[in-house]
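K.L.:
Input file: structure-v9.pdb. Contents: PDB, C-alpha atoms.
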ATOM      1  CA  VAL A   1    -182.940  89.606  13.888
ATOM      2  CA  VAL A   2    -185.327  87.060  15.392
ATOM      3  CA  ALA A   3    -184.283  83.610  16.629
ATOM      4  CA  ILE A   4    -187.329  81.362  16.994
ATOM      5  CA  GLY A   5    -187.819  78.242  19.102
ATOM      6  CA  ASN A   6    -189.007  76.716  22.357
ATOM      7  CA  PHE A   7    -185.441  76.748  23.710
ATOM      8  CA  ASP A   8    -186.221  74.449  26.651
ATOM      9  CA  GLY A   9    -182.977  74.234  28.619
ATOM     10  CA  VAL A  10    -181.154  76.689  26.299
ATOM     11  CA  HIS A  11    -178.683  73.903  25.527
ATOM     12  CA  LEU A  12    -175.588  74.039  23.304
ATOM     13  CA  GLY A  13    -177.669  73.663  20.138
ATOM     14  CA  HIS A  14    -179.929  76.537  21.188
ATOM     15  CA  GLN A  15    -176.883  78.638  21.990
ATOM     16  CA  GLN A  16    -175.628  77.991  18.462
ATOM     17  CA  VAL A  17    -178.931  79.312  17.050
ATOM     18  CA  ILE A  18    -178.605  82.533  19.043
ATOM     19  CA  GLY A  19    -174.952  82.879  18.062
ATOM     20  CA  HIS A  20    -176.010  82.492  14.408
ATOM     21  CA  ALA A  21    -178.586  85.258  14.931
ATOM     22  CA  ARG A  22    -175.942  87.571  16.386
ATOM     23  CA  ALA A  23    -173.669  86.916  13.412
ATOM     24  CA  LEU A  24    -176.506  87.635  10.972
ATOM     25  CA  ALA A  25    -177.366  90.866  12.824
ATOM     26  CA  GLN A  26    -173.818  92.058  12.208
ATOM     27  CA  GLU A  27    -173.943  91.090   8.533
ATOM     28  CA  ILE A  28    -177.129  93.003   7.722
ATOM     29  CA  GLU A  29    -176.577  96.661   6.948
ATOM     30  CA  GLY A  30    -177.681  98.906   9.781
ATOM     31  CA  ASP A  31    -177.803  98.595  13.545
ATOM     32  CA  HIS A  32    -179.656  95.417  14.486
ATOM     33  CA  GLN A  33    -180.290  93.678  17.787
ATOM     34  CA  VAL A  34    -181.199  90.066  18.479
ATOM     35  CA  ALA A  35    -184.645  89.093  19.754
ATOM     36  CA  VAL A  36    -185.595  85.568  20.740
ATOM     37  CA  LEU A  37    -189.192  84.555  20.052
ATOM     38  CA  THR A  38    -190.200  81.715  22.344
ATOM     39  CA  PHE A  39    -193.510  80.224  23.447
ATOM     40  CA  ASP A  40    -195.341  79.511  26.672
ATOM     41  CA  PRO A  41    -196.829  77.081  27.382
ATOM     42  CA  HIS A  42    -194.974  74.452  25.361
ATOM     43  CA  PRO A  43    -197.040  73.691  22.211
ATOM     44  CA  ALA A  44    -197.405  70.042  23.260
ATOM     45  CA  ARG A  45    -199.370  71.179  26.312
ATOM     46  CA  LEU A  46    -202.039  72.544  24.001
ATOM     47  CA  PHE A  47    -202.197  69.666  21.525
ATOM     48  CA  ALA A  48    -201.537  66.650  23.788
ATOM     49  CA  PRO A  49    -201.333  67.732  27.432
ATOM     50  CA  ASP A  50    -201.091  64.152  28.723
ATOM     51  CA  LEU A  51    -198.092  63.500  26.472
ATOM     52  CA  ALA A  52    -196.346  66.848  26.934
ATOM     53  CA  PRO A  53    -192.713  66.493  28.042
ATOM     54  CA  PRO A  54    -191.647  67.731  31.479
ATOM     55  CA  LEU A  55    -189.747  70.976  31.005
ATOM     56  CA  ILE A  56    -186.049  71.203  31.802
ATOM     57  CA  ALA A  57    -186.351  74.702  33.254
ATOM     58  CA  THR A  58    -188.889  77.304  34.290
ATOM     59  CA  LEU A  59    -189.773  80.119  31.905
ATOM     60  CA  GLU A  60    -187.989  82.607  34.162
ATOM     61  CA  ARG A  61    -184.763  80.602  34.083
ATOM     62  CA  ARG A  62    -185.066  80.113  30.331
ATOM     63  CA  ILE A  63    -185.245  83.895  29.890
ATOM     64  CA  ASP A  64    -182.131  84.351  32.057
ATOM     65  CA  TRP A  65    -180.168  81.842  29.998
ATOM     66  CA  LEU A  66    -181.332  83.312  26.684
ATOM     67  CA  GLY A  67    -179.924  86.654  27.784
ATOM     68  CA  GLU A  68    -176.648  85.011  28.781
ATOM     69  CA  ALA A  69    -176.512  83.314  25.372
ATOM     70  CA  GLY A  70    -176.679  86.674  23.592
ATOM     71  CA  ALA A  71    -180.319  87.725  23.210
ATOM     72  CA  ASP A  72    -180.932  91.450  23.570
ATOM     73  CA  HIS A  73    -184.676  90.875  23.920
ATOM     74  CA  VAL A  74    -186.863  87.871  24.722
ATOM     75  CA  VAL A  75    -190.426  87.871  23.386
ATOM     76  CA  VAL A  76    -192.664  85.280  25.066
ATOM     77  CA  GLU A  77    -195.630  84.501  22.829
ATOM     78  CA  THR A  78    -198.614  82.794  24.449
ATOM     79  CA  PHE A  79    -199.171  79.547  22.600
ATOM     80  CA  ASP A  80    -202.949  79.378  22.464
ATOM     81  CA  PRO A  81    -205.532  78.110  19.934
ATOM     82  CA  ALA A  82    -205.484  81.428  18.048
ATOM     83  CA  LEU A  83    -201.737  81.228  17.491
ATOM     84  CA  ALA A  84    -201.938  77.531  16.618
ATOM     85  CA  GLU A  85    -204.503  78.311  13.885
ATOM     86  CA  LEU A  86    -202.294  80.823  12.051
ATOM     87  CA  SER A  87    -201.236  79.621   8.610
ATOM     88  CA  PRO A  88    -197.496  79.633   7.885
ATOM     89  CA  GLY A  89    -197.945  82.761   5.768
ATOM     90  CA  ASP A  90    -199.936  84.576   8.452
ATOM     91  CA  PHE A  91    -197.362  83.641  11.082
ATOM     92  CA  ILE A  92    -194.664  85.310   9.021
ATOM     93  CA  GLN A  93    -196.755  88.358   8.144
ATOM     94  CA  GLN A  94    -198.423  88.992  11.498
ATOM     95  CA  ILE A  95    -195.772  87.893  13.964
ATOM     96  CA  LEU A  96    -192.394  88.291  12.292
ATOM     97  CA  LEU A  97    -192.977  91.220   9.969
ATOM     98  CA  GLN A  98    -195.774  93.347  11.421
ATOM     99  CA  ARG A  99    -195.238  92.776  15.136
ATOM    100  CA  LEU A 100    -191.478  92.243  15.386
ATOM    101  CA  GLY A 101    -190.236  94.036  12.282
ATOM    102  CA  ALA A 102    -187.739  91.287  11.526
ATOM    103  CA  ALA A 103    -184.824  92.088   9.230
ATOM    104  CA  GLY A 104    -183.567  88.535   9.638
ATOM    105  CA  VAL A 105    -184.791  85.211  11.026
ATOM    106  CA  VAL A 106    -182.749  82.300  12.370
ATOM    107  CA  VAL A 107    -184.149  78.861  13.240
ATOM    108  CA  GLY A 108    -182.895  75.335  13.802
ATOM    109  CA  TYR A 109    -182.727  72.736  11.030
ATOM    110  CA  ASP A 110    -185.910  70.957  12.201
ATOM    111  CA  PHE A 111    -188.065  74.054  12.759
ATOM    112  CA  THR A 112    -191.758  73.879  11.815
ATOM    113  CA  TYR A 113    -194.430  76.535  12.206
ATOM    114  CA  GLY A 114    -197.981  77.500  11.316
ATOM    115  CA  LYS A 115    -201.196  75.506  11.544
ATOM    116  CA  GLY A 116    -200.504  71.788  11.688
ATOM    117  CA  GLY A 117    -196.769  72.446  11.508
ATOM    118  CA  LEU A 118    -197.094  72.825   7.742
ATOM    119  CA  GLY A 119    -194.376  75.451   7.539
ATOM    120  CA  ASN A 120    -190.793  74.192   7.303
ATOM    121  CA  THR A 121    -187.380  75.748   6.786
ATOM    122  CA  GLU A 122    -187.691  75.722   2.984
ATOM    123  CA  LEU A 123    -191.014  77.580   3.074
ATOM    124  CA  LEU A 124    -189.672  79.991   5.689
ATOM    125  CA  ARG A 125    -186.672  80.831   3.521
ATOM    126  CA  GLU A 126    -188.833  81.273   0.415
ATOM    127  CA  GLU A 127    -191.458  83.540   2.012
ATOM    128  CA  CYS A 128    -188.991  85.602   4.042
ATOM    129  CA  GLN A 129    -186.713  86.218   1.081
ATOM    130  CA  ARG A 130    -189.755  87.353  -0.899
ATOM    131  CA  ALA A 131    -190.319  89.949   1.850
ATOM    132  CA  GLY A 132    -186.661  91.002   1.857
ATOM    133  CA  VAL A 133    -185.880  89.252   5.145
ATOM    134  CA  ARG A 134    -182.601  87.342   5.537
ATOM    135  CA  VAL A 135    -182.896  83.760   6.795
ATOM    136  CA  GLY A 136    -180.384  81.580   8.625
ATOM    137  CA  ILE A 137    -180.875  77.846   9.179
ATOM    138  CA  THR A 138    -178.664  76.380  11.895
ATOM    139  CA  ASP A 139    -177.384  72.845  11.401
ATOM    140  CA  ALA A 140    -177.820  70.035  13.907
ATOM    141  CA  TYR A 141    -175.304  70.340  16.744
ATOM    142  CA  TYR A 142    -173.349  67.355  18.038
ATOM    143  CA  GLN A 143    -171.393  67.143  21.273
ATOM    144  CA  ASP A 144    -169.103  64.131  21.803
ATOM    145  CA  GLY A 145    -170.917  62.389  18.941
ATOM    146  CA  ILE A 146    -174.389  62.923  20.462
ATOM    147  CA  LEU A 147    -177.082  65.026  18.782
ATOM    148  CA  VAL A 148    -177.862  67.784  21.262
ATOM    149  CA  SER A 149    -181.602  68.046  21.868
ATOM    150  CA  SER A 150    -183.987  68.790  24.723
ATOM    151  CA  THR A 151    -185.386  65.278  24.283
ATOM    152  CA  LYS A 152    -181.968  63.674  24.821
ATOM    153  CA  ILE A 153    -181.284  65.872  27.832
ATOM    154  CA  ARG A 154    -184.604  64.864  29.420
ATOM    155  CA  GLU A 155    -183.738  61.216  28.785
ATOM    156  CA  PHE A 156    -180.403  61.653  30.559
ATOM    157  CA  ILE A 157    -181.971  63.429  33.536
ATOM    158  CA  LEU A 158    -184.829  60.952  33.963
ATOM    159  CA  SER A 159    -182.299  58.093  34.030
ATOM    160  CA  GLY A 160    -180.058  59.881  36.527
ATOM    161  CA  ARG A 161    -177.258  60.631  34.044
ATOM    162  CA  VAL A 162    -176.936  64.243  35.152
ATOM    163  CA  TYR A 163    -173.320  64.518  34.018
ATOM    164  CA  GLY A 164    -174.353  63.619  30.463
ATOM    165  CA  ALA A 165    -177.127  66.221  30.656
ATOM    166  CA  SER A 166    -174.632  68.866  31.779
ATOM    167  CA  VAL A 167    -172.381  68.105  28.797
ATOM    168  CA  LEU A 168    -175.256  68.780  26.375
ATOM    169  CA  LEU A 169    -176.577  71.769  28.304
ATOM    170  CA  GLY A 170    -173.199  73.435  28.657
ATOM    171  CA  ARG A 171    -173.938  73.897  32.382
ATOM    172  CA  PRO A 172    -175.146  71.691  35.249
ATOM    173  CA  PHE A 173    -178.776  70.631  35.333
ATOM    174  CA  GLU A 174    -180.426  72.448  38.219
ATOM    175  CA  LEU A 175    -183.450  72.279  40.483
ATOM    176  CA  SER A 176    -184.626  75.313  42.438
ATOM    177  CA  GLY A 177    -187.124  75.750  45.209
ATOM    178  CA  GLU A 178    -187.857  76.951  48.692
ATOM    179  CA  VAL A 179    -186.505  75.075  51.694
ATOM    180  CA  VAL A 180    -189.490  73.699  53.614
ATOM    181  CA  ARG A 181    -189.769  71.870  56.910
ATOM    182  CA  GLY A 182    -189.589  68.088  56.753
ATOM    183  CA  ALA A 183    -189.762  65.347  59.358
ATOM    184  CA  GLY A 184    -186.431  66.396  60.905
ATOM    185  CA  ARG A 185    -184.979  62.862  60.821
ATOM    186  CA  GLY A 186    -181.687  63.982  59.314
ATOM    187  CA  ARG A 187    -180.852  66.161  62.270
ATOM    188  CA  THR A 188    -181.390  63.274  64.705
ATOM    189  CA  ILE A 189    -178.799  61.123  62.904
ATOM    190  CA  GLY A 190    -176.196  63.847  62.453
ATOM    191  CA  TYR A 191    -176.978  64.811  58.862
ATOM    192  CA  PRO A 192    -179.522  67.651  58.831
ATOM    193  CA  THR A 193    -180.960  68.154  55.360
ATOM    194  CA  ALA A 194    -182.668  70.996  53.534
ATOM    195  CA  ASN A 195    -185.939  69.785  52.029
ATOM    196  CA  VAL A 196    -186.309  71.560  48.690
ATOM    197  CA  ALA A 197    -189.765  72.053  47.182
ATOM    198  CA  ALA A 198    -188.652  72.161  43.541
ATOM    199  CA  VAL A 199    -190.635  74.273  41.086
ATOM    200  CA  GLN A 200    -189.504  72.395  37.937
ATOM    201  CA  ASP A 201    -191.422  69.592  36.246
ATOM    202  CA  LEU A 202    -188.358  67.446  35.610
ATOM    203  CA  THR A 203    -186.700  65.509  38.441
ATOM    204  CA  PRO A 204    -183.705  63.159  38.130
ATOM    205  CA  ALA A 205    -184.079  59.445  38.810
ATOM    206  CA  PHE A 206    -184.281  58.419  42.468
ATOM    207  CA  GLY A 207    -180.852  58.230  44.023
ATOM    208  CA  VAL A 208    -178.018  60.102  45.703
ATOM    209  CA  TYR A 209    -176.103  62.809  43.852
ATOM    210  CA  ALA A 210    -173.051  65.007  44.218
ATOM    211  CA  ALA A 211    -174.203  68.577  43.740
ATOM    212  CA  ARG A 212    -173.535  72.186  44.551
ATOM    213  CA  ALA A 213    -176.143  74.344  46.257
ATOM    214  CA  ARG A 214    -176.497  78.051  45.583
ATOM    215  CA  VAL A 215    -177.695  79.730  48.777
ATOM    216  CA  GLY A 216    -177.752  83.470  48.201
ATOM    217  CA  ASP A 217    -174.211  84.375  47.143
ATOM    218  CA  ASP A 218    -172.729  81.156  48.552
ATOM    219  CA  LEU A 219    -171.928  78.019  46.555
ATOM    220  CA  VAL A 220    -171.903  75.012  48.900
ATOM    221  CA  ASP A 221    -170.988  71.372  48.229
ATOM    222  CA  ALA A 222    -173.966  69.076  48.811
ATOM    223  CA  ALA A 223    -175.064  65.457  48.899
ATOM    224  CA  VAL A 224    -178.596  65.310  47.489
ATOM    225  CA  SER A 225    -181.053  62.457  47.932
ATOM    226  CA  ILE A 226    -184.115  62.178  45.686
ATOM    227  CA  GLY A 227    -186.756  59.572  46.385
ATOM    228  CA  ILE A 228    -189.326  58.253  48.820
ATOM    229  CA  VAL A 229    -186.966  57.561  51.785
ATOM    230  CA  PRO A 230    -187.867  53.842  52.003
ATOM    231  CA  THR A 231    -185.897  53.253  55.230
ATOM    232  CA  PHE A 232    -188.306  55.497  57.147
ATOM    233  CA  LYS A 233    -191.488  55.964  55.134
ATOM    234  CA  GLN A 234    -194.234  53.731  53.792
ATOM    235  CA  ASP A 235    -195.860  56.330  51.519
ATOM    236  CA  GLN A 236    -194.794  57.302  48.008
ATOM    237  CA  GLU A 237    -194.250  61.037  48.523
ATOM    238  CA  VAL A 238    -191.116  62.120  46.664
ATOM    239  CA  THR A 239    -188.699  64.369  48.539
ATOM    240  CA  ILE A 240    -185.541  66.234  47.532
ATOM    241  CA  GLU A 241    -183.185  66.454  50.509
ATOM    242  CA  ALA A 242    -179.832  68.231  50.396
ATOM    243  CA  TYR A 243    -177.157  67.789  53.049
ATOM    244  CA  LEU A 244    -175.011  70.934  52.767
ATOM    245  CA  LEU A 245    -171.418  70.162  53.692
ATOM    246  CA  ASP A 246    -169.745  72.393  56.316
ATOM    247  CA  PHE A 247    -172.834  74.617  56.472
ATOM    248  CA  ASP A 248    -175.036  75.253  59.497
ATOM    249  CA  ARG A 249    -177.164  78.338  58.775
ATOM    250  CA  ASP A 250    -180.951  78.294  59.171
ATOM    251  CA  ILE A 251    -182.254  78.522  55.594
ATOM    252  CA  TYR A 252    -185.928  77.646  56.033
ATOM    253  CA  GLU A 253    -188.106  79.578  53.532
ATOM    254  CA  THR A 254    -184.972  80.468  51.546
ATOM    255  CA  CYS A 255    -184.737  79.664  47.828
ATOM    256  CA  VAL A 256    -181.959  77.195  47.029
ATOM    257  CA  CYS A 257    -180.676  76.182  43.610
ATOM    258  CA  LEU A 258    -179.164  72.679  43.361
ATOM    259  CA  GLU A 259    -176.653  72.138  40.540
ATOM    260  CA  PHE A 260    -176.276  68.412  39.884
ATOM    261  CA  VAL A 261    -172.809  67.054  39.109
ATOM    262  CA  LYS A 262    -172.909  63.242  39.270
ATOM    263  CA  ARG A 263    -175.103  60.375  40.464
ATOM    264  CA  LEU A 264    -173.482  58.278  43.168
ATOM    265  CA  ARG A 265    -175.964  55.434  43.542
ATOM    266  CA  PRO A 266    -179.661  54.532  43.280
ATOM    267  CA  GLU A 267    -181.959  54.898  46.272
ATOM    268  CA  ARG A 268    -182.196  51.821  48.503
ATOM    269  CA  ARG A 269    -183.788  50.700  51.726
ATOM    270  CA  PHE A 270    -181.535  49.998  54.714
ATOM    271  CA  GLU A 271    -182.229  47.513  57.496
ATOM    272  CA  GLY A 272    -181.719  50.105  60.202
ATOM    273  CA  VAL A 273    -180.491  53.571  61.104
ATOM    274  CA  ASP A 274    -176.899  52.439  61.774
ATOM    275  CA  ALA A 275    -176.535  51.003  58.272
ATOM    276  CA  LEU A 276    -178.038  54.164  56.783
ATOM    277  CA  VAL A 277    -175.704  56.467  58.732
ATOM    278  CA  LYS A 278    -172.691  54.404  57.646
ATOM    279  CA  GLN A 279    -173.735  54.707  53.994
ATOM    280  CA  ILE A 280    -174.378  58.461  54.299
ATOM    281  CA  ALA A 281    -170.849  58.918  55.652
ATOM    282  CA  LEU A 282    -169.500  57.072  52.596
ATOM    283  CA  ASP A 283    -171.718  59.174  50.288
ATOM    284  CA  VAL A 284    -170.471  62.419  51.833
ATOM    285  CA  LYS A 285    -166.844  61.355  51.442
ATOM    286  CA  GLN A 286    -167.485  60.497  47.800
ATOM    287  CA  VAL A 287    -169.151  63.874  47.241
ATOM    288  CA  ARG A 288    -166.107  65.639  48.703
ATOM    289  CA  ASP A 289    -163.765  63.624  46.482
ATOM    290  CA  ILE A 290    -165.784  64.265  43.321
ATOM    291  CA  LEU A 291    -166.231  68.000  43.853
ATOM    292  CA  LEU A 292    -162.620  68.467  44.916
ATOM    293  CA  THR A 293    -161.513  67.423  41.431
ATOM    294  CA  LEU A 294    -163.694  69.976  39.611
TER
END
For the structure just supplied, provide its representation as structure tokens.

P.N.:
Amino acid sequence: VVAIGNFDGVHLGHQQVIGHARALAQEIEGDHQVAVLTFDPHPARLFAPDLAPPLIATLERRIDWLGEAGADHVVVETFDPALAELSPGDFIQQILLQRLGAAGVVVGYDFTYGKGGLGNTELLREECQRAGVRVGITDAYYQDGILVSSTKIREFILSGRVYGASVLLGRPFELSGEVVRGAGRGRTIGYPTANVAAVQDLTPAFGVYAARARVGDDLVDAAVSIGIVPTFKQDQEVTIEAYLLDFDRDIYETCVCLEFVKRLRPERRFEGVDALVKQIALDVKQVRDILLTL
């Protein structure tokens, strides 16, 4: 049984689609597994690269989460001009039937496919049923009265509302990357930071956040600053700096995953180092208080 979609973020709505596919696999006579058919790059990067949305997660992380959500297999189809030119009928025949041998197909309520997006859920149901393939259409999913969508999650993240994003994702929003050497200013003021070179496209709004950092098998409380460090710098280079609480190991060139919990405040420029250090101390205390309650 094939669940189809971009699945950026593998949010609660996506998880419902995969759960629907698992239920359908059990309904159909015989022994069926669940395969997720997803696409890379995102179709918008082919049709309108300048307008393509920043992705919530890397392809590798998306595959991990799809497995956790219940997929037995993940098929990553290259979204290229040849695939984009397939008619809705050819997409079903060539991809779903001939290549994947689908006994069932599950998609979201707003799914479109085929050249120009001409295929919709009604056409999918009609053509698949003609071929003897069961079809499931998953309804829109709401969490706390909000329609769960990748678009809404991106909106939350870009505005710094990482807690709202985590509610729709079903897990914290995360950034991952290697720890690289920075200017070393944090160490001179008593708050050494790990500078994370994030691999994702999507970065939360400038500011200070309560987060948890995954370093190997350890989960460490962290105060994370995202921005251009206006107190010290005149350029516009964006940095992601994590102060790991009660942690003093050398982690240069180590991959760190930052799980964002809550935004504390926007980034601001301080008149001097003393004022900055005083504010950092307050930020760290607030991080401890927030994470202690979780």

K.L.:
Determine the nearest neighbour of Val167 of chain A from the options A:Arg268, A:Lys262, A:His20, A:Arg185, counting all atoms listed in the file.

P.N.:
A:Lys262

K.L.:
Which residue out of A:Arg154, A:Lys285, A:Arg134, A:Arg214 has the minimum interatomic distance to Ala25 of chain A when only C-alpha atoms are used?

P.N.:
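For Ala25 of chain A, the nearest of the candidates is A:Arg134.
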
K.L.:
Could you tell me which residues the PyMOL selection byres ((chain A and resi 172-184) around 6) grabs in this file, written as a list in words?

P.N.:
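Here the PyMOL selection byres ((chain A and resi 172-184) around 6) matches Ser166, Arg171, Arg185, Gly186, Arg187, Ala194, Asn195, Val196, Ala197, Ala198, Val199, Tyr252, Glu253, Thr254, Cys255, Val256, Cys257, Leu258, Glu259 and Phe260 of chain A.
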
K.L.:
Applied to the shown file, which residues does the PyMOL selection byres ((chain A and resi 99-113) around 7) return, written as a list in words?

P.N.:
Val1, Val2, Ala3, Ile4, Gly5, Val17, Ala21, Pro88, Gln94, Ile95, Leu96, Leu97, Gln98, Gly114, Lys115, Gly117, Leu118, Gly119, Asn120, Thr121, Val133, Arg134, Val135, Gly136, Ile137, Thr138, Asp139 and Ala140 of chain A

K.L.:
At what distance in Å, to one decimal, does atom CA of Glu126 of chain A lie from atom CA of Ala71 of chain A?

P.N.:
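Between these atoms lies a distance of 25.2 Å.
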
K.L.:
Please, what distance in Å, to one decimal, runs between atom CA of Phe79 of chain A and atom CA of Arg62 of chain A?

P.N.:
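One can read the atom CA of Phe79 of chain A to atom CA of Arg62 of chain A distance as 16.1 Å.
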
K.L.:
Taking all atoms listed in the file into account, which of A:Ile157, A:Val75, A:Val261, A:Leu168 comes nearest His14 of chain A?

P.N.:
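The answer is A:Leu168, which sits nearest to His14 of chain A.
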
K.L.:
Just so the selection is clear, what residues does the PyMOL selection byres ((chain A and resi 9) around 7) cover here, as a list of chain:residue names?

P.N.:
A:Phe7, A:Asp8, A:Val10, A:His11, A:Ile56, A:Ala57, A:Arg62, A:Ser150, A:Leu169

K.L.:
Which residue out of A:Cys128, A:Ala281, A:Ile153, A:Ala222 has the minimum interatomic distance to Phe247 of chain A when only C-alpha atoms are used?

P.N.:
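Result for the nearest residue to Phe247 of chain A: A:Ala222.
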
K.L.:
Produce the centre coordinates and the three edge lengths, each in Å to one decimal, of the box along x, y and z that contains all listed atoms of segment 1-11 of chain A with 4 Å added on each side, as JSON.

P.N.:
{"center_x": -183.8, "center_y": 81.8, "center_z": 21.3, "size_x": 18.3, "size_y": 23.7, "size_z": 22.7}

K.L.:
What lies within 12 Å of Pro81 of chain A using only C-alpha atoms, ignoring chain neighbours under 6 positions off, as a list of chain:residue names?

P.N.:
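Answer for this query is A:Pro41, A:Pro43, A:Ala44, A:Arg45, A:Leu46, A:Phe47, A:Gly114, A:Lys115, A:Gly116.
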
K.L.:
Find the spatial neighbours of Thr193 of chain A, counting all atoms listed in the file, within a cut-off of 6 Å - ignore same-chain residues fewer than 6 positions away - and output them as a ChimeraX atom specification.

P.N.:
/A:186,241-243

K.L.:
What residues have an atom no more than 6 Å from (-175.2, 61.4, 44.8) in the file's own frame, counting only C-alpha atoms, and can you write them as a PDB file with C-alpha atoms, in the frame of the given file?

P.N.:
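As a result, result_33.pdb now contains:
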ATOM      1  CA  VAL A 208    -178.018  60.102  45.703  1.00  0.00           C
ATOM      2  CA  TYR A 209    -176.103  62.809  43.852  1.00  0.00           C
ATOM      3  CA  ALA A 210    -173.051  65.007  44.218  1.00  0.00           C
ATOM      4  CA  ALA A 223    -175.064  65.457  48.899  1.00  0.00           C
ATOM      5  CA  VAL A 224    -178.596  65.310  47.489  1.00  0.00           C
ATOM      6  CA  ARG A 263    -175.103  60.375  40.464  1.00  0.00           C
ATOM      7  CA  LEU A 264    -173.482  58.278  43.168  1.00  0.00           C
TER       8      LEU A 264
END

K.L.:
Within 12 Å of Gly170 of chain A, counting only C-alpha atoms, which residues show up once you throw out same-chain ones fewer than 5 positions away? Write them as a ChimeraX atom specification, please.

P.N.:
/A:9-16,65,69,143,148,153,162-165

K.L.:
Output C-alpha atoms of each residue in that selection to a file, as a JSON list (two decimals), keeping the file's coordinate frame.

P.N.:
[["chain", "number", "residue", "atom", "x", "y", "z"],
["A", 9, "GLY", "CA", -182.98, 74.23, 28.62],
["A", 10, "VAL", "CA", -181.15, 76.69, 26.30],
["A", 11, "HIS", "CA", -178.68, 73.90, 25.53],
["A", 12, "LEU", "CA", -175.59, 74.04, 23.30],
["A", 13, "GLY", "CA", -177.67, 73.66, 20.14],
["A", 14, "HIS", "CA", -179.93, 76.54, 21.19],
["A", 15, "GLN", "CA", -176.88, 78.64, 21.99],
["A", 16, "GLN", "CA", -175.63, 77.99, 18.46],
["A", 65, "TRP", "CA", -180.17, 81.84, 30.00],
["A", 69, "ALA", "CA", -176.51, 83.31, 25.37],
["A", 143, "GLN", "CA", -171.39, 67.14, 21.27],
["A", 148, "VAL", "CA", -177.86, 67.78, 21.26],
["A", 153, "ILE", "CA", -181.28, 65.87, 27.83],
["A", 162, "VAL", "CA", -176.94, 64.24, 35.15],
["A", 163, "TYR", "CA", -173.32, 64.52, 34.02],
["A", 164, "GLY", "CA", -174.35, 63.62, 30.46],
["A", 165, "ALA", "CA", -177.13, 66.22, 30.66]]
